[in-house]
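Engineer: Let me begin by handing over the structure; questions about it come next.
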Amino acid sequence: MVHQTPTPLRSGVATPTTETDVHPTAARAYTPIVVESERTVYTDEYITSTFDYHGQTVSNEGGVFKVRPTKKTFEFRTTRKVPRMGIMMVGLGGNNGTTLTATILANRHNITWRTKEGLQKPNYVGSVLRASTLRLGVDPETGSDVHVPLSSVLPTVHPNDLVIGGWDISSLPLDEAMTRAQVLSYDLQRQIAPLMAPIKPLPSIYYPDFIAANQEERADNLIPGESKQAHLEALRKDIREFKQANALDSVVVFWTANTERYSEIIPGVNDTAENLLKAIETSHDEVSPSTVFAVASILEGCPFINGAPQNTFVPGCIQLAEQHKSFIGGDDLKSGQTKVKSVLTEFLVNAGIKPLSIASYNHLGNNDGRNLSAEKQFRSKEISKSSVVDDMVGANHLLFKPKTESEEKGEHPNHLVVIK
């Protein structure tokens, strides 16, 4: 049985329901949206919609670009019943894991705290789902645009209702892990610590070659043995037991642990689904912890989200997900300076302005910075942060010379990544 104490009031029933009581991003929306169209069908179980994607093919025929319209029809089906969902974080006791958990608990219990600017309300600012809006259409009486929260367009799980669990190589309960992380304001930590204390990470897997050597001192909560096959089975068992113990309809596994070094892509090892499973069975050195977690999620039918820049999704992992029709996604969270850099580069290139150099400074504290002080782990981050502008630069051959047959990439801004 999974030894994780469910968080108190995890149903979210204690959350106030009016926007005067809570921040708008945390409020529950009760205004239903009904699309009256022959292409949208409602039943008691599903919302089914038909969508035509219009595109075009372009071919160069005798020096003339021939553009031909294309149309592909998709059918989308959404379950109307909002599932009871759990999230299992890999790195539950880290900076990201404790901060996300504290965010959910603070919103769930509407805990306010004092900062030097005054009283702070919990919120979900920064969440695409909770803090962004969608233009739904035009009000025919006023002619004004109608905007609605993105979270209200379709039935979605409120983050306050998520059941929280996961793994960590450190055994600290989350109240102590939160103190160690030094991210949250003291007044919030003081109030939320009793809610964090019952949450204890499950034992995780630790392959020293994939993260910095300075992480070994934290590794006191490990699944025993060196067999990667045994580790895979233990993780699958954890997922099943967590789902059963909390009566969940679905579980999402989220990698929020340390950045790993890149895995070498080796034919016969991780290039196909079959070879990857064999490599796990034989405990091959190039099978990373994040890939083992991804494979466990795929085999259990759980979505796996990768929040770090390593190449978790080796070709064999992608093929395995396709075979099992499991959702996998993510290549670093890119929520800070990487996002700003991407927006600015796209704006400049689209405006016909040629960026000559880009310098990315990342001021990382606590354990994230310690792990990335190792060269191999830093290289994973550097590749991820450098590659985000490749598509934008490659789209404008008027500003940047395209690559030749002998080049890996064409003309490119001088890109420096600094992590402190």
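Residues are referred to by chain and number: the chain letter is A, B, ... according to the order shown in the structure tokens, the number counts from 1 in that chain, and ligands are numbered separately from 1 in the order shown.
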What lies within 10 Å of Ser263 of chain A using only C-alpha atoms, ignoring chain neighbours under 5 positions off, as a list in words?
Structural biologist: Phe210, Asn270, Asp285, Glu286, Val287, Ser288, Thr291, Gln310, Asn311, Thr312, Phe313, Val314 and Ser380 of chain A
Engineer: Those same residues - C-alpha atoms - I'd like them written as a PDB file, in the first residue's frame.
Structural biologist:
```pdb
ATOM      1  CA  PHE A 210      22.410  11.363 -14.485  1.00  0.00           C
ATOM      2  CA  ASN A 270      16.627   3.103 -26.868  1.00  0.00           C
ATOM      3  CA  ASP A 285      23.467   2.457 -18.238  1.00  0.00           C
ATOM      4  CA  GLU A 286      21.854   4.847 -20.759  1.00  0.00           C
ATOM      5  CA  VAL A 287      18.310   4.430 -19.392  1.00  0.00           C
ATOM      6  CA  SER A 288      17.665   7.523 -17.274  1.00  0.00           C
ATOM      7  CA  THR A 291      12.657   7.646 -18.931  1.00  0.00           C
ATOM      8  CA  GLN A 310      16.714  16.487 -20.665  1.00  0.00           C
ATOM      9  CA  ASN A 311      15.814  14.138 -23.544  1.00  0.00           C
ATOM     10  CA  THR A 312      13.491  11.918 -21.522  1.00  0.00           C
ATOM     11  CA  PHE A 313      11.528  11.023 -24.622  1.00  0.00           C
ATOM     12  CA  VAL A 314      14.094   8.962 -26.474  1.00  0.00           C
ATOM     13  CA  SER A 380      20.931  19.855 -21.039  1.00  0.00           C
TER      14      SER A 380
END
```
Engineer: Could you pull out all residues of segment 184-400 of chain A with a DSSP call of strand (DSSP E) and give them as a ChimeraX atom specification?
Structural biologist: /A:202-203,250-255,304-306,328-329,357-362
Engineer: Would you write out those residues with N, CA and C atoms, as an mmCIF file, in the first residue's frame?
Structural biologist:
```cif
data_model
loop_
_atom_site.group_PDB
_atom_site.id
_atom_site.type_symbol
_atom_site.label_atom_id
_atom_site.label_comp_id
_atom_site.auth_asym_id
_atom_site.auth_seq_id
_atom_site.Cartn_x
_atom_site.Cartn_y
_atom_site.Cartn_z
ATOM 1 N N LEU A 202 7.109 9.241 -1.606
ATOM 2 C CA LEU A 202 7.422 7.831 -1.781
ATOM 3 C C LEU A 202 8.895 7.679 -2.170
ATOM 4 N N PRO A 203 9.503 6.537 -1.878
ATOM 5 C CA PRO A 203 10.882 6.307 -2.332
ATOM 6 C C PRO A 203 10.982 6.406 -3.849
ATOM 7 N N SER A 250 -8.322 9.239 -12.619
ATOM 8 C CA SER A 250 -7.127 9.363 -13.450
ATOM 9 C C SER A 250 -5.983 9.942 -12.630
ATOM 10 N N VAL A 251 -4.766 9.684 -13.115
ATOM 11 C CA VAL A 251 -3.549 10.182 -12.473
ATOM 12 C C VAL A 251 -2.654 10.783 -13.552
ATOM 13 N N VAL A 252 -2.080 11.940 -13.264
ATOM 14 C CA VAL A 252 -1.081 12.557 -14.126
ATOM 15 C C VAL A 252 0.260 12.508 -13.403
ATOM 16 N N VAL A 253 1.298 12.045 -14.086
ATOM 17 C CA VAL A 253 2.641 12.001 -13.510
ATOM 18 C C VAL A 253 3.430 13.172 -14.088
ATOM 19 N N PHE A 254 4.057 13.931 -13.204
ATOM 20 C CA PHE A 254 4.709 15.192 -13.582
ATOM 21 C C PHE A 254 6.153 15.179 -13.088
ATOM 22 N N TRP A 255 7.111 15.208 -14.029
ATOM 23 C CA TRP A 255 8.526 15.269 -13.660
ATOM 24 C C TRP A 255 8.884 16.710 -13.319
ATOM 25 N N PHE A 304 2.116 11.650 -18.918
ATOM 26 C CA PHE A 304 3.403 11.989 -18.300
ATOM 27 C C PHE A 304 3.845 13.334 -18.843
ATOM 28 N N ILE A 305 4.101 14.282 -17.932
ATOM 29 C CA ILE A 305 4.544 15.621 -18.305
ATOM 30 C C ILE A 305 5.984 15.800 -17.848
ATOM 31 N N ASN A 306 6.863 16.169 -18.784
ATOM 32 C CA ASN A 306 8.269 16.368 -18.474
ATOM 33 C C ASN A 306 8.541 17.855 -18.274
ATOM 34 N N ILE A 328 2.209 11.859 -23.714
ATOM 35 C CA ILE A 328 3.446 12.336 -23.102
ATOM 36 C C ILE A 328 3.748 13.702 -23.703
ATOM 37 N N GLY A 329 4.380 14.558 -22.940
ATOM 38 C CA GLY A 329 4.695 15.879 -23.478
ATOM 39 C C GLY A 329 5.586 16.655 -22.536
ATOM 40 N N SER A 357 22.617 38.917 -31.394
ATOM 41 C CA SER A 357 23.090 38.147 -30.253
ATOM 42 C C SER A 357 22.020 38.095 -29.176
ATOM 43 N N ILE A 358 22.031 37.015 -28.448
ATOM 44 C CA ILE A 358 21.096 36.814 -27.344
ATOM 45 C C ILE A 358 21.902 36.330 -26.146
ATOM 46 N N ALA A 359 21.747 36.985 -25.020
ATOM 47 C CA ALA A 359 22.405 36.562 -23.783
ATOM 48 C C ALA A 359 21.312 36.230 -22.770
ATOM 49 N N SER A 360 21.296 34.988 -22.329
ATOM 50 C CA SER A 360 20.279 34.525 -21.382
ATOM 51 C C SER A 360 20.926 34.325 -20.020
ATOM 52 N N TYR A 361 20.473 35.104 -19.063
ATOM 53 C CA TYR A 361 21.004 34.987 -17.702
ATOM 54 C C TYR A 361 19.949 34.340 -16.808
ATOM 55 N N ASN A 362 20.318 33.250 -16.182
ATOM 56 C CA ASN A 362 19.425 32.534 -15.273
ATOM 57 C C ASN A 362 20.031 32.568 -13.874
#
```
Engineer: Counting only C-alpha atoms, which residue out of A:Glu61, A:Glu117, A:Glu176, A:Asp52 sits closest to Thr73 of chain A?
Structural biologist: A:Asp52
Engineer: Can you work out the spacing between atom CA of Leu162 of chain A and atom CA of Leu174 of chain A in Å, to one decimal?
Structural biologist: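 So the answer is 16.4 Å.
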Engineer: Could you check the closest approach to Leu276 of chain A for each of A:Lys325, A:Arg240, A:Lys228, A:His23 and tell me which residue wins, using only C-alpha atoms?
Structural biologist: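 Among the listed residues, A:Lys228 lies closest to Leu276 of chain A.
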Engineer: Which is closer to Gln182 of chain A than all the others in A:Ser151, A:Asn95, A:Gln120, A:Thr156, using only C-alpha atoms?
Structural biologist: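 The answer is A:Asn95, which sits nearest to Gln182 of chain A.
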Engineer: Show which residues sit within 9 Å of Leu188 of chain A, as a list in words. Count only C-alpha atoms, and ignore same-chain residues fewer than 5 positions away.
Structural biologist: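 The neighbour list is Ala102, Ala106, Ile111, Thr112, Trp113, Arg114 and Ala193 of chain A.
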